[in-house]
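This report concerns only the one structure given below.
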Amino acid sequence: MWKRISHLNCLSSNTVSFSSLLRLGDTHTISSRSDVFAVQREEEIFFGYEGPFERHETSIFTEPIPLPPKGNVQAHFYQYNPGIFVNNLDITATSASSIVKVGNIGKAYMESRVKHIRQLKPKEND
């Protein structure tokens with residue numbers, strides 16, 4: 001992995017949540033995973049049987065994600081400037097297994113799976 005010096009003048013961030021990262025400098029490996037089950041209801045009703053999940057409902061969290069095959073890629077780089085210079089970084093939010101990174105990274109594996117259910121009231125006939 002290349003070694004460079006990261007220079008950051010100013011960093012402002014409100015929120016970093018749910019398996020997210022804010023990293024400065026070199027990193028060899030990053031692995032982050034976020035599983036989200038969200039129920040949005042038009043009317044606030046709790047039925048009492050929202051969990052535990054049945055097998056067919058959670059398959060989104062256990063199903064393997066197909067990755068592209070590894071290939072033989074040869075690359076040659078010459079670093080003309082040994083520094084990474086960032087003047088100002090203003091971040092509102094980082095969420096659900098994402099990265100804000102200033103610097104080099106060797107390997108990164110980020111995974112976010114979301115099961116979002118919307119329960120709407122039946123429409124009344126006019």
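Just so we're on the same page: first chain in the structure tokens is A, next is B, and so on; residues restart at 1 for each chain, and ligands are numbered from 1 in the order they show up.
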
Discussion item. For the strand (DSSP E) assignment from backbone DSSP, which residues of chain A qualify? Please present them as JSON, numbers by chain.
Written reply: {"A": [5, 6, 7, 8, 9, 10, 11, 12, 13, 14, 15, 16, 21, 22, 23, 24, 27, 28, 29, 30, 31, 32, 33, 34, 35, 36, 37, 38, 39, 40, 41, 83, 84, 85, 86, 87, 88, 89, 90, 91, 92, 93, 94, 99, 100, 101, 102, 105, 106, 107, 108, 109, 110, 111, 112, 113, 114, 115, 116, 117, 118, 119]}

Item to complete: For Phe18 of chain A, work out the shell of residues within 7 Å, counting only C-alpha atoms and skipping chain neighbours fewer than 2 positions away, then give it as a ChimeraX atom specification.
Response: /A:20,34,95-97

Mind checking which residues fall within 10 Å of segment 24-27 of chain A, counting only C-alpha atoms, ignoring those fewer than 2 positions away in the same chain, and posting them as a PDB file with N, CA and C atoms, in the first residue's frame?
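Result written to part.pdb:
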```pdb
ATOM      1  N   MET A   1       0.853  -1.178   0.000  1.00  0.00           N
ATOM      2  CA  MET A   1       0.000   0.000   0.000  1.00  0.00           C
ATOM      3  C   MET A   1       0.897   1.239   0.000  1.00  0.00           C
ATOM      4  N   TRP A   2       0.489   2.247  -0.724  1.00  0.00           N
ATOM      5  CA  TRP A   2       1.249   3.491  -0.799  1.00  0.00           C
ATOM      6  C   TRP A   2       1.198   4.207   0.539  1.00  0.00           C
ATOM      7  N   LYS A   3       2.277   4.874   0.865  1.00  0.00           N
ATOM      8  CA  LYS A   3       2.312   5.661   2.089  1.00  0.00           C
ATOM      9  C   LYS A   3       2.401   7.128   1.698  1.00  0.00           C
ATOM     10  N   ARG A   4       1.415   7.882   2.148  1.00  0.00           N
ATOM     11  CA  ARG A   4       1.384   9.316   1.890  1.00  0.00           C
ATOM     12  C   ARG A   4       0.996  10.012   3.181  1.00  0.00           C
ATOM     13  N   ILE A   5       1.260  11.273   3.235  1.00  0.00           N
ATOM     14  CA  ILE A   5       0.904  12.070   4.406  1.00  0.00           C
ATOM     15  C   ILE A   5      -0.370  12.834   4.074  1.00  0.00           C
ATOM     16  N   SER A   6      -1.369  12.715   4.957  1.00  0.00           N
ATOM     17  CA  SER A   6      -2.648  13.406   4.766  1.00  0.00           C
ATOM     18  C   SER A   6      -2.646  14.705   5.560  1.00  0.00           C
ATOM     19  N   HIS A   7      -2.973  15.802   4.886  1.00  0.00           N
ATOM     20  CA  HIS A   7      -3.063  17.112   5.518  1.00  0.00           C
ATOM     21  C   HIS A   7      -4.518  17.570   5.419  1.00  0.00           C
ATOM     22  N   LEU A   8      -5.144  17.807   6.563  1.00  0.00           N
ATOM     23  CA  LEU A   8      -6.532  18.265   6.604  1.00  0.00           C
ATOM     24  C   LEU A   8      -6.574  19.541   7.426  1.00  0.00           C
ATOM     25  N   LEU A  21     -17.794   5.166   9.163  1.00  0.00           N
ATOM     26  CA  LEU A  21     -16.446   5.518   9.601  1.00  0.00           C
ATOM     27  C   LEU A  21     -16.059   6.900   9.117  1.00  0.00           C
ATOM     28  N   LEU A  22     -15.310   7.593   9.938  1.00  0.00           N
ATOM     29  CA  LEU A  22     -14.655   8.827   9.548  1.00  0.00           C
ATOM     30  C   LEU A  22     -13.176   8.602   9.864  1.00  0.00           C
ATOM     31  N   THR A  29      -7.107  -2.085   5.952  1.00  0.00           N
ATOM     32  CA  THR A  29      -8.356  -2.788   5.633  1.00  0.00           C
ATOM     33  C   THR A  29      -9.512  -2.171   6.419  1.00  0.00           C
ATOM     34  N   ILE A  30     -10.636  -2.001   5.737  1.00  0.00           N
ATOM     35  CA  ILE A  30     -11.873  -1.555   6.392  1.00  0.00           C
ATOM     36  C   ILE A  30     -12.982  -2.522   5.998  1.00  0.00           C
ATOM     37  N   ILE A  84      -1.455  14.300   0.622  1.00  0.00           N
ATOM     38  CA  ILE A  84      -2.853  14.476   0.242  1.00  0.00           C
ATOM     39  C   ILE A  84      -3.310  15.724   0.993  1.00  0.00           C
ATOM     40  N   VAL A 100     -16.163   8.186   5.187  1.00  0.00           N
ATOM     41  CA  VAL A 100     -15.561   9.455   4.817  1.00  0.00           C
ATOM     42  C   VAL A 100     -14.080   9.242   5.085  1.00  0.00           C
ATOM     43  N   LYS A 101     -13.256   9.311   4.044  1.00  0.00           N
ATOM     44  CA  LYS A 101     -11.851   8.911   4.164  1.00  0.00           C
ATOM     45  C   LYS A 101     -10.943   9.947   3.530  1.00  0.00           C
ATOM     46  N   VAL A 102      -9.940  10.388   4.275  1.00  0.00           N
ATOM     47  CA  VAL A 102      -8.880  11.233   3.733  1.00  0.00           C
ATOM     48  C   VAL A 102      -7.597  10.444   3.937  1.00  0.00           C
ATOM     49  N   GLY A 103      -7.059   9.913   2.872  1.00  0.00           N
ATOM     50  CA  GLY A 103      -5.859   9.092   2.949  1.00  0.00           C
ATOM     51  C   GLY A 103      -5.985   7.866   2.068  1.00  0.00           C
ATOM     52  N   ASN A 104      -4.986   7.001   2.149  1.00  0.00           N
ATOM     53  CA  ASN A 104      -4.966   5.770   1.354  1.00  0.00           C
ATOM     54  C   ASN A 104      -5.734   4.666   2.052  1.00  0.00           C
ATOM     55  N   ILE A 105      -6.262   3.761   1.249  1.00  0.00           N
ATOM     56  CA  ILE A 105      -6.934   2.576   1.790  1.00  0.00           C
ATOM     57  C   ILE A 105      -6.543   1.379   0.947  1.00  0.00           C
ATOM     58  N   GLY A 106      -6.183   0.286   1.608  1.00  0.00           N
ATOM     59  CA  GLY A 106      -5.783  -0.922   0.900  1.00  0.00           C
ATOM     60  C   GLY A 106      -6.996  -1.694   0.395  1.00  0.00           C
ATOM     61  N   LYS A 107      -7.814  -2.188   1.323  1.00  0.00           N
ATOM     62  CA  LYS A 107      -9.002  -2.970   0.968  1.00  0.00           C
ATOM     63  C   LYS A 107     -10.193  -2.441   1.755  1.00  0.00           C
ATOM     64  N   ALA A 108     -11.343  -2.368   1.084  1.00  0.00           N
ATOM     65  CA  ALA A 108     -12.565  -1.920   1.752  1.00  0.00           C
ATOM     66  C   ALA A 108     -13.715  -2.824   1.343  1.00  0.00           C
TER      67      ALA A 108
END
```

Response to the item:
Of A:Pro82, A:Leu11, A:Arg113, A:Asn125, the one sitting nearest Glu63 of chain A when using only C-alpha atoms is A:Arg113

Worksheet item: Which distance in Å separates atom CA of Ser19 of chain A and atom CA of Asn87 of chain A, to one decimal?
Response: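 So the two atoms, atom CA of Ser19 of chain A and atom CA of Asn87 of chain A, lie 26.2 Å apart.
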
Practice prompt. Please provide as a PyMOL selection string all residues within 10 Å of Val114 of chain A, with the sequence filter that same-chain residues fewer than 4 positions apart are discarded (counting only C-alpha atoms).
Written response: chain A and resi 34-38+60-61+96

Would you output that residue set with C-alpha atoms, as a JSON list (two decimals), in the first residue's frame?
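The resulting file, part_7.json, is shown below:
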```json
[["chain", "number", "residue", "atom", "x", "y", "z"],
["A", 34, "SER", "CA", -25.17, -2.49, 8.60],
["A", 35, "ASP", "CA", -28.46, -4.43, 8.71],
["A", 36, "VAL", "CA", -31.61, -2.31, 9.01],
["A", 37, "PHE", "CA", -35.22, -3.42, 9.49],
["A", 38, "ALA", "CA", -37.56, -0.43, 9.31],
["A", 60, "ILE", "CA", -32.42, -10.28, 2.75],
["A", 61, "PHE", "CA", -29.95, -10.30, 5.69],
["A", 96, "ALA", "CA", -25.48, 2.99, 6.98]]
```

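Within 9 Å of Gln40 of chain A, once only C-alpha atoms are used and residues closer than 5 positions along the same chain are dropped, the contacting residues are His116, Ile117, Arg118, Gln119 and Leu120 of chain A.
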
Quick one: write out the picked residues with C-alpha atoms as a compact mmCIF listing (two decimals), in the first residue's frame?
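Okay, this is what ended up in selection_5.txt:
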```
# COMPACT_ATOMS: atom_id res chain seq x y z
CA HIS A 116 -38.16 -1.26 4.62
CA ILE A 117 -41.87 -1.94 5.06
CA ARG A 118 -44.51 0.75 4.62
CA GLN A 119 -47.95 0.06 6.05
CA LEU A 120 -50.53 2.45 4.65
```

Fill in: DSSP helix (DSSP H, G or I) residues within chain A, listed as a ChimeraX atom specification
/A:55-62

Discussion item. Quick check, in Å to one decimal: how far apart do atom CA of Asn72 of chain A and atom CA of Met110 of chain A lie?
Written reply: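 Rounded to one decimal, the two atoms are 21.9 Å apart.
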
Worksheet item: For Pro66 of chain A, which of A:Gln79, A:Ile99, A:Glu111, A:Val16 is the closest residue, counting only C-alpha atoms?
Response: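 That would be A:Glu111, the residue with the smallest distance to Pro66 of chain A.
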